[in-house]
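Printed here is upload.txt (compact mmCIF, C-alpha atoms and all ligand atoms):
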```txt
# COMPACT_ATOMS: atom_id res chain seq x y z
CA MET T 89 0.00 0.00 0.00
CA HIS T 90 1.09 3.57 -0.69
CA GLU T 91 0.82 4.62 2.96
CA LYS T 92 2.66 7.93 2.68
CA GLU T 93 0.64 9.07 -0.31
CA LEU T 94 -2.67 8.10 1.30
CA GLU T 95 -1.73 9.79 4.55
CA THR T 96 -0.84 13.04 2.77
CA THR T 97 -4.15 13.06 0.89
CA ILE T 98 -6.11 12.54 4.12
CA LYS T 99 -4.16 15.36 5.74
CA HIS T 100 -5.10 17.70 2.92
CA LEU T 101 -8.76 16.66 2.84
CA ALA T 102 -9.66 16.48 6.53
CA VAL T 103 -8.83 20.09 7.35
CA PRO T 104 -10.70 21.78 10.22
CA GLY T 105 -13.19 24.29 8.86
CA LYS T 106 -13.15 22.83 5.36
CA GLY T 107 -15.28 20.37 3.43
CA ILE T 108 -15.53 18.66 0.08
CA LEU T 109 -17.55 19.81 -2.92
CA ALA T 110 -19.25 17.13 -5.01
CA ALA T 111 -19.15 18.49 -8.58
CA ASP T 112 -19.38 15.03 -10.10
CA GLU T 113 -22.84 15.05 -11.65
CA SER T 114 -23.03 12.81 -14.68
CA PRO T 115 -23.84 14.57 -17.98
CA LYS T 116 -27.43 13.35 -17.48
CA THR T 117 -27.74 14.84 -13.97
CA ALA T 118 -25.87 18.02 -14.96
CA GLY T 119 -28.42 18.25 -17.79
CA LYS T 120 -31.23 18.28 -15.22
CA ARG T 121 -29.52 21.04 -13.24
CA LEU T 122 -29.02 23.10 -16.41
CA ALA T 123 -32.62 22.48 -17.49
CA SER T 124 -33.74 24.02 -14.18
CA ILE T 125 -32.21 27.31 -15.39
CA ASN T 126 -33.44 26.87 -18.98
CA THR T 127 -29.98 26.19 -20.31
CA GLU T 128 -29.29 23.53 -22.91
CA SER T 129 -26.87 20.82 -21.80
CA THR T 130 -23.85 20.45 -24.07
CA ALA T 131 -20.24 19.62 -23.25
CA GLU T 132 -19.53 23.36 -23.45
CA THR T 133 -22.38 24.51 -21.16
CA ARG T 134 -21.39 21.82 -18.67
CA ARG T 135 -17.82 23.17 -18.84
CA GLN T 136 -19.15 26.69 -18.17
CA TYR T 137 -21.11 25.35 -15.21
CA ARG T 138 -17.90 23.82 -13.79
CA GLN T 139 -16.04 27.05 -14.53
CA MET T 140 -18.64 29.06 -12.62
CA VAL T 141 -18.18 26.94 -9.50
CA LEU T 142 -14.53 25.86 -9.63
CA ALA T 143 -13.08 29.24 -10.53
CA ALA T 144 -14.85 31.03 -7.68
CA LYS T 145 -12.42 33.27 -5.85
CA ASP T 146 -11.61 32.22 -2.27
CA MET T 147 -13.40 28.86 -2.44
CA GLU T 148 -10.16 27.27 -1.23
CA LYS T 149 -10.72 28.93 2.16
CA TYR T 150 -13.63 26.55 2.76
CA ILE T 151 -13.18 23.67 0.32
CA SER T 152 -10.35 21.14 0.68
CA GLY T 153 -11.32 18.75 -2.13
CA VAL T 154 -13.59 18.50 -5.15
CA ILE T 155 -15.09 15.32 -6.62
CA LEU T 156 -15.10 15.60 -10.39
CA HIS T 157 -16.83 13.67 -13.15
CA GLU T 158 -14.70 11.98 -15.77
CA GLU T 159 -15.92 14.44 -18.40
CA THR T 160 -14.45 17.36 -16.44
CA LEU T 161 -10.97 15.82 -16.26
CA ASN T 162 -10.40 16.64 -19.91
CA GLN T 163 -12.00 20.07 -19.84
CA LYS T 164 -10.23 23.36 -19.22
CA THR T 165 -10.93 26.61 -17.38
CA ASN T 166 -11.45 29.81 -19.36
CA ASP T 167 -7.71 30.36 -18.90
CA GLY T 168 -6.89 27.08 -20.62
CA VAL T 169 -5.88 25.07 -17.54
CA PHE T 170 -7.19 21.52 -17.07
CA PHE T 171 -9.63 21.54 -14.16
CA PRO T 172 -7.70 19.04 -11.97
CA LYS T 173 -4.55 21.15 -12.42
CA HIS T 174 -6.52 24.32 -11.69
CA LEU T 175 -7.70 22.84 -8.38
CA GLU T 176 -4.24 21.65 -7.48
CA LEU T 177 -2.88 25.17 -8.07
CA LYS T 178 -5.48 26.48 -5.62
CA GLY T 179 -4.36 23.90 -3.04
CA ILE T 180 -7.54 21.85 -3.46
CA VAL T 181 -7.35 18.06 -3.81
CA PRO T 182 -8.94 16.75 -7.03
CA GLY T 183 -11.05 13.60 -6.70
CA ILE T 184 -13.12 11.52 -9.06
CA LYS T 185 -16.42 9.64 -9.07
CA VAL T 186 -15.56 6.11 -10.17
CA ASP T 187 -18.80 4.18 -9.96
CA GLU T 188 -20.63 3.78 -13.23
CA GLY T 189 -24.16 4.31 -11.97
CA LEU T 190 -26.89 1.95 -10.85
CA ALA T 191 -28.20 -1.37 -12.12
CA HIS T 192 -31.16 -3.55 -11.10
CA PHE T 193 -30.18 -6.08 -8.47
CA ASN T 194 -31.30 -9.67 -9.21
CA ASN T 195 -34.26 -8.47 -11.30
CA THR T 196 -35.74 -6.56 -8.36
CA ASP T 197 -36.41 -2.84 -7.95
CA GLU T 198 -33.42 -2.56 -5.65
CA GLU T 199 -30.20 -1.28 -7.14
CA CYS T 200 -26.55 -2.17 -6.99
CA THR T 201 -23.68 -0.17 -8.45
CA ASN T 202 -21.83 -0.79 -11.73
CA GLY T 203 -18.16 -0.43 -12.53
CA LEU T 204 -16.00 -2.88 -10.57
CA GLU T 205 -14.69 -4.84 -13.57
CA THR T 206 -13.00 -1.89 -15.25
CA LEU T 207 -12.07 -0.10 -12.02
CA PRO T 208 -8.33 -0.92 -11.67
CA LEU T 209 -7.59 0.32 -15.19
CA ARG T 210 -9.64 3.48 -14.74
CA LEU T 211 -7.98 4.28 -11.41
CA LYS T 212 -4.58 4.23 -13.10
CA GLU T 213 -5.85 6.67 -15.76
CA HIS T 214 -7.45 8.99 -13.20
CA LYS T 215 -4.27 9.04 -11.20
CA LYS T 216 -2.41 10.32 -14.26
CA HIS T 217 -4.91 13.20 -14.33
CA GLY T 218 -3.99 14.07 -10.73
CA CYS T 219 -6.96 12.53 -8.89
CA LYS T 220 -6.04 11.59 -5.33
CA PHE T 221 -9.35 10.31 -3.98
CA ALA T 222 -12.30 8.49 -5.49
CA LYS T 223 -15.98 8.18 -4.66
CA TRP T 224 -18.30 5.20 -5.09
CA ARG T 225 -22.02 5.53 -4.35
CA ALA T 226 -24.46 2.81 -3.31
CA VAL T 227 -28.13 3.67 -2.76
CA TYR T 228 -30.83 2.30 -0.48
CA LYS T 229 -34.51 3.04 -0.74
CA ILE T 230 -36.62 2.75 2.41
CA SER T 231 -40.03 1.09 1.98
CA SER T 232 -42.00 -1.54 3.90
CA SER T 233 -39.93 -4.26 2.17
CA THR T 234 -36.61 -2.52 1.43
CA PRO T 235 -33.70 -2.42 1.78
CA THR T 236 -33.32 -6.19 1.93
CA LYS T 237 -30.45 -7.94 3.73
CA GLU T 238 -29.26 -9.18 0.33
CA ILE T 239 -28.80 -5.74 -1.21
CA ILE T 240 -27.09 -4.39 1.92
CA LYS T 241 -24.64 -7.30 1.78
CA ARG T 242 -24.00 -6.94 -1.96
CA ASN T 243 -23.45 -3.17 -1.87
CA SER T 244 -21.20 -3.40 1.19
CA GLU T 245 -19.04 -6.06 -0.46
CA ASP T 246 -18.75 -3.98 -3.64
CA LEU T 247 -17.87 -0.85 -1.66
CA ALA T 248 -15.16 -2.82 0.14
CA LYS T 249 -13.72 -4.22 -3.11
CA TYR T 250 -13.63 -0.76 -4.67
CA ALA T 251 -12.04 0.73 -1.53
CA LYS T 252 -9.34 -1.93 -1.56
CA ALA T 253 -8.61 -1.32 -5.27
CA CYS T 254 -8.28 2.42 -4.60
CA GLN T 255 -5.83 1.99 -1.73
CA GLU T 256 -3.72 -0.39 -3.81
CA GLU T 257 -3.41 2.43 -6.33
CA GLY T 258 -2.57 5.07 -3.69
CA ILE T 259 -6.00 6.68 -4.01
CA VAL T 260 -8.13 7.46 -0.93
CA PRO T 261 -11.56 5.80 -1.17
CA MET T 262 -14.63 7.82 -0.22
CA VAL T 263 -17.27 5.18 0.47
CA GLU T 264 -20.81 6.45 0.02
CA PRO T 265 -23.75 4.35 1.19
CA GLU T 266 -26.69 6.71 0.63
CA VAL T 267 -29.97 5.99 2.38
CA LEU T 268 -32.37 7.98 0.23
CA ILE T 269 -34.55 10.72 1.72
CA ASP T 270 -37.37 10.02 -0.78
CA GLY T 271 -40.50 8.56 0.78
CA GLU T 272 -42.83 8.81 3.74
CA HIS T 273 -40.66 6.91 6.21
CA SER T 274 -40.14 8.10 9.76
CA ILE T 275 -36.85 9.11 11.34
CA ASP T 276 -37.02 5.79 13.26
CA ASP T 277 -36.93 3.92 9.94
CA SER T 278 -34.04 6.06 8.76
CA GLU T 279 -32.17 5.35 12.00
CA ARG T 280 -32.66 1.58 11.74
CA VAL T 281 -31.69 1.36 8.07
CA THR T 282 -28.68 3.67 8.35
CA HIS T 283 -27.49 1.65 11.33
CA ASP T 284 -27.79 -1.68 9.48
CA VAL T 285 -26.16 -0.31 6.34
CA LEU T 286 -23.17 1.15 8.18
CA LYS T 287 -22.72 -1.96 10.38
CA GLU T 288 -22.56 -4.18 7.30
CA LEU T 289 -20.30 -1.76 5.45
CA PHE T 290 -17.68 -1.69 8.21
CA SER T 291 -17.80 -5.44 8.56
CA ALA T 292 -17.17 -5.77 4.77
CA LEU T 293 -14.34 -3.23 4.87
CA LYS T 294 -12.73 -5.20 7.69
CA LYS T 295 -13.06 -8.48 5.80
CA GLU T 296 -11.46 -6.93 2.73
CA LYS T 297 -8.66 -5.51 4.93
CA VAL T 298 -9.28 -1.94 3.87
CA ASN T 299 -7.22 0.45 5.99
CA LEU T 300 -9.79 2.69 7.68
CA LYS T 301 -7.18 5.32 8.53
CA TYR T 302 -7.07 6.13 4.82
CA THR T 303 -10.79 5.92 4.09
CA ILE T 304 -13.43 8.67 4.12
CA LEU T 305 -17.07 7.91 4.85
CA LYS T 306 -19.62 9.85 2.85
CA SER T 307 -22.85 9.28 4.72
CA SER T 308 -26.44 10.40 4.57
CA MET T 309 -27.94 11.85 7.73
CA VAL T 310 -30.58 10.12 9.84
CA ILE T 311 -33.59 12.12 8.74
CA SER T 312 -37.36 11.78 8.16
CA GLY T 313 -38.51 10.97 4.64
CA LYS T 314 -39.10 14.00 2.46
CA GLN T 315 -42.82 13.16 2.23
CA ALA T 316 -43.21 12.11 5.90
CA LYS T 317 -46.03 13.77 7.84
CA ASP T 318 -44.26 14.87 11.03
CA ARG T 319 -40.70 15.47 9.99
CA ALA T 320 -38.14 15.52 12.82
CA GLY T 321 -36.58 18.88 13.69
CA VAL T 322 -32.95 19.96 13.41
CA GLU T 323 -31.90 18.86 16.92
CA GLU T 324 -33.45 15.44 16.49
CA VAL T 325 -31.71 14.83 13.15
CA ALA T 326 -28.38 15.83 14.68
CA LYS T 327 -28.90 13.67 17.77
CA ARG T 328 -30.01 10.55 15.89
CA THR T 329 -27.30 10.89 13.25
CA LEU T 330 -24.55 11.07 15.86
CA LYS T 331 -26.09 8.19 17.78
CA VAL T 332 -25.93 5.92 14.72
CA LEU T 333 -22.47 7.05 13.67
CA LYS T 334 -21.08 6.45 17.18
CA ALA T 335 -22.60 2.97 17.24
CA THR T 336 -21.24 1.94 13.85
CA VAL T 337 -18.25 3.98 12.62
CA PRO T 338 -14.85 3.04 14.05
CA SER T 339 -12.77 5.94 15.33
CA ASP T 340 -10.01 5.00 12.84
CA ILE T 341 -12.06 6.72 10.14
CA PRO T 342 -10.49 10.20 9.90
CA SER T 343 -13.38 12.05 8.30
CA ILE T 344 -17.11 11.74 7.75
CA ASN T 345 -18.46 14.02 5.04
CA PHE T 346 -22.22 14.17 4.58
CA LEU T 347 -24.11 14.27 1.32
CA SER T 348 -27.08 16.64 1.20
CA GLY T 349 -29.40 14.19 -0.55
CA GLY T 350 -32.27 16.55 -1.34
CA GLN T 351 -32.21 18.63 1.84
CA THR T 352 -32.45 22.36 1.21
CA PRO T 353 -29.12 24.21 1.47
CA GLN T 354 -30.28 25.78 4.75
CA GLU T 355 -31.34 22.43 6.24
CA ALA T 356 -28.07 20.74 5.29
CA THR T 357 -26.06 23.52 6.95
CA ALA T 358 -28.26 23.66 10.07
CA HIS T 359 -28.06 19.88 10.61
CA LEU T 360 -24.27 19.83 10.37
CA ASP T 361 -24.02 22.80 12.69
CA ALA T 362 -26.35 21.19 15.26
CA MET T 363 -24.14 18.09 15.39
CA HIS T 364 -21.15 20.23 16.28
CA LYS T 365 -23.10 22.22 18.85
CA LEU T 366 -24.22 18.94 20.43
CA ASP T 367 -20.81 17.33 20.72
CA LYS T 368 -17.47 19.12 20.75
CA ASN T 369 -15.47 15.90 21.07
CA LEU T 370 -16.41 13.75 18.11
CA PRO T 371 -14.02 10.87 17.38
CA TRP T 372 -13.77 11.78 13.67
CA TYR T 373 -13.69 15.04 11.73
CA VAL T 374 -17.30 15.68 10.66
CA SER T 375 -17.92 17.85 7.63
CA PHE T 376 -19.78 18.14 4.33
CA SER T 377 -19.48 16.80 0.81
CA TYR T 378 -22.57 18.41 -0.68
CA ALA T 379 -23.42 18.78 -4.34
CA ARG T 380 -26.89 20.34 -4.48
CA ALA T 381 -26.75 22.10 -1.10
CA LEU T 382 -23.58 23.93 -2.15
CA GLN T 383 -24.35 24.62 -5.80
CA GLU T 384 -28.10 25.29 -5.97
CA PRO T 385 -28.06 28.96 -4.94
CA ALA T 386 -25.17 29.62 -7.36
CA LEU T 387 -26.96 27.88 -10.20
CA LYS T 388 -30.06 30.01 -9.61
CA ALA T 389 -28.05 33.22 -9.52
CA TRP T 390 -26.10 32.25 -12.65
CA GLN T 391 -28.94 31.34 -15.02
CA GLY T 392 -26.32 30.32 -17.58
CA LYS T 393 -25.39 33.95 -18.24
CA ASP T 394 -21.91 35.43 -18.23
CA GLU T 395 -23.09 38.70 -16.73
CA ASN T 396 -24.30 36.80 -13.63
CA MET T 397 -21.05 34.92 -13.12
CA HIS T 398 -19.76 37.10 -10.33
CA LYS T 399 -23.02 37.03 -8.39
CA ALA T 400 -23.24 33.26 -8.80
CA GLN T 401 -19.70 32.71 -7.58
CA SER T 402 -20.36 34.89 -4.52
CA ALA T 403 -23.47 32.82 -3.76
CA PHE T 404 -21.42 29.63 -3.96
CA VAL T 405 -18.63 30.91 -1.72
CA HIS T 406 -21.16 32.29 0.76
CA ARG T 407 -22.75 28.82 1.01
CA ALA T 408 -19.33 27.20 1.42
CA LYS T 409 -18.51 29.68 4.18
CA LEU T 410 -21.74 28.96 6.08
CA ASN T 411 -20.97 25.23 5.92
CA SER T 412 -17.45 25.91 7.10
CA LEU T 413 -18.94 27.70 10.11
CA ALA T 414 -21.25 24.72 10.62
CA THR T 415 -18.25 22.38 10.91
CA GLN T 416 -17.27 24.50 13.93
CA GLY T 417 -20.79 24.80 15.37
CA LYS T 418 -20.70 28.54 14.66
CA TYR T 419 -23.53 28.88 12.14
CA SER T 420 -26.76 30.70 12.80
CA SER T 421 -29.77 31.03 10.48
CA SER T 422 -29.52 34.80 10.82
CA MET T 423 -26.40 34.59 8.62
CA GLU T 424 -28.47 33.44 5.63
P1 LIG A 501 -26.00 15.77 -2.93
O1 LIG A 501 -25.32 16.57 -1.87
O2 LIG A 501 -26.69 16.60 -3.97
O3 LIG A 501 -26.84 14.68 -2.38
O4 LIG A 501 -24.86 15.04 -3.74
C1 LIG A 501 -23.83 14.43 -3.07
C2 LIG A 501 -23.31 13.31 -3.85
O5 LIG A 501 -22.17 13.28 -4.19
C3 LIG A 501 -24.24 12.22 -4.20
O6 LIG A 501 -23.52 11.16 -4.75
```

How does the structure come out when it is put into structure tokens?
Ligand code: 13P
Amino acid sequence: MHEKELETTIKHLAVPGKGILAADESPKTAGKRLASINTESTAETRRQYRQMVLAAKDMEKYISGVILHEETLNQKTNDGVFFPKHLELKGIVPGIKVDEGLAHFNNTDEECTNGLETLPLRLKEHKKHGCKFAKWRAVYKISSSTPTKEIIKRNSEDLAKYAKACQEEGIVPMVEPEVLIDGEHSIDDSERVTHDVLKELFSALKKEKVNLKYTILKSSMVISGKQAKDRAGVEEVAKRTLKVLKATVPSDIPSINFLSGGQTPQEATAHLDAMHKLDKNLPWYVSFSYARALQEPALKAWQGKDENMHKAQSAFVHRAKLNSLATQGKYSSSME
């Protein structure tokens, strides 16, 4: 294993007051985001979207790493610099999404994640582009019959195999088991499922001999379903999330970075902040790795127009700053 390399990457990612930006939307998902501002999705408009976010002045004060999509690796900033190089020059660690999306699991409606077969080869290529960490996402839908034990086992084993392959290449794995917010489920359901999913994941990582010291957990929060009737409040989400993490995540894990998963930007920030207000002595660094909750306000301000670029970039950096404050328990909604 490339211990030194992995250790350095962790040191640069898990920085107090900073978090990770997920800018790794597939062309299809980026297309949805662009459609929301009536902008056609082409390779060039997607490049402009990345430019808007990644060239924002001062983002490096709050962002330690960025997860990119493969398409972005070969695209350049307006100044003609490849995006991974551009990030590196700002002191931000470039990362890459390496899963290849979802597939039906055993002809059911549950989903597993594609991409393991070609992974070792792709990791070598991504490393040449400067990527130092890699994300793999598994998803779980809560319903009366899901997730099943079988899918939890399968996804955990795949996450462990991918994590092992990354470490063998000197790349830090960012394992992402996402329990989806969609549905009417209660926070109790979310707590039970998140607990089971994380328990199984860490047992699979152990079996595969993945070194947890060089692994980042990208987790969802324990939260009521988006369509649930009585959704739990901020304090409750923070309390339940920490309860599950403490019961399942070994303290060897250096950093837990949450996804936003369909929470509003304000909710995602408030929840993270409440966790830090609740407990000043967490065994891991706890931060963010949001995509939507960091980029949505910027996207709205931008509207795909050059003349709005500055305003959009300020909106992005403002959001990053509020989340930075949340990692220190210093956010307040009056700062919105
Ligand atoms: P959201 O924060 O929009 O959920 O995205 C995070 C992510 O990387 C999902 O894979």

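Counting all atoms listed in the file, the residue from T:Glu264, T:Glu256, T:Glu296, T:Glu148 that sits nearest to ligand LIG 501 (chain A) is T:Glu264.
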
Counting only C-alpha atoms and all ligand atoms, which protein, DNA or RNA residues come within 10 Å of ligand LIG 501 (chain A), given as number ranges by chain?
T: 108-113, 155-156, 185, 187, 189, 223-227, 264-266, 268-269, 306-308, 345-353, 356, 376-384

Set out as a tab-separated table a contact list for region 152-236 of chain T and region 91-107 of chain T with a cut-off of 9 Å, giving each residue of region 152-236 of chain T that qualifies its closest atom pair and distance in Å to one decimal, counting all atoms listed in the file, ordered by chain and rising residue number.
```
residue	atom	partner	partner_atom	distance
T:Ser152	CA	T:Leu101	CA	5.2
T:Gly153	CA	T:Leu101	CA	6.0
T:Val154	CA	T:Gly107	CA	8.9
T:Gly179	CA	T:His100	CA	8.6
T:Ile180	CA	T:His100	CA	8.0
T:Val181	CA	T:Leu101	CA	6.9
T:Lys220	CA	T:Thr97	CA	6.7
T:Phe221	CA	T:Thr97	CA	7.6
```

With all atoms listed in the file as the counted atoms, please give the residues lying no more than 10 Å from Thr133 (chain T), apart from itself and same-chain residues fewer than 6 positions off, as a PyMOL selection string.
chain T and resi 118-119+122+127+139+392

What lies within 7 Å of His283 (chain T) using only C-alpha atoms, ignoring chain neighbours under 4 positions off, as a PDB file with C-alpha atoms, keeping the file's coordinate frame?
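Printed below is result-v7.pdb as written:
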```pdb
ATOM      1  CA  GLU T 279     -32.170   5.350  12.000  1.00  0.00           C
ATOM      2  CA  LYS T 287     -22.720  -1.960  10.380  1.00  0.00           C
ATOM      3  CA  VAL T 332     -25.930   5.920  14.720  1.00  0.00           C
ATOM      4  CA  THR T 336     -21.240   1.940  13.850  1.00  0.00           C
TER       5      THR T 336
END
```

Set the distance at 10 Å and use all atoms listed in the file: which residues neighbour Asp276 (chain T) once local chain neighbours fewer than 5 positions away are removed? I'd like the list as a ChimeraX atom specification.
/T:281-282,310-312,320,328

With all atoms listed in the file as the counted atoms, please give the residues lying no more than 9 Å from region 235-241 of chain T, apart from itself and same-chain residues fewer than 2 positions off, as number ranges by chain.
T: 193, 198-200, 228-233, 243-246, 281, 284-285, 288-289, 292

Measuring atom to atom with all atoms listed in the file, identify which of T:His90, T:Leu410, T:Ala335, T:Arg280 is nearest to Ile259 (chain T).
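Residue with the minimum atom-to-atom distance to Ile259 (chain T): T:His90.
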
For a quick check of understanding, using all atoms listed in the file, which of T:Arg407, T:Lys120, T:Lys249, T:His364 has the smallest distance to Lys295 (chain T)?
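Counting all atoms listed in the file, the residue closest to Lys295 (chain T) is T:Lys249.
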
CA of Asn195 (chain T) to CA of Thr234 (chain T): how many Å, to one decimal?
14.2 Å
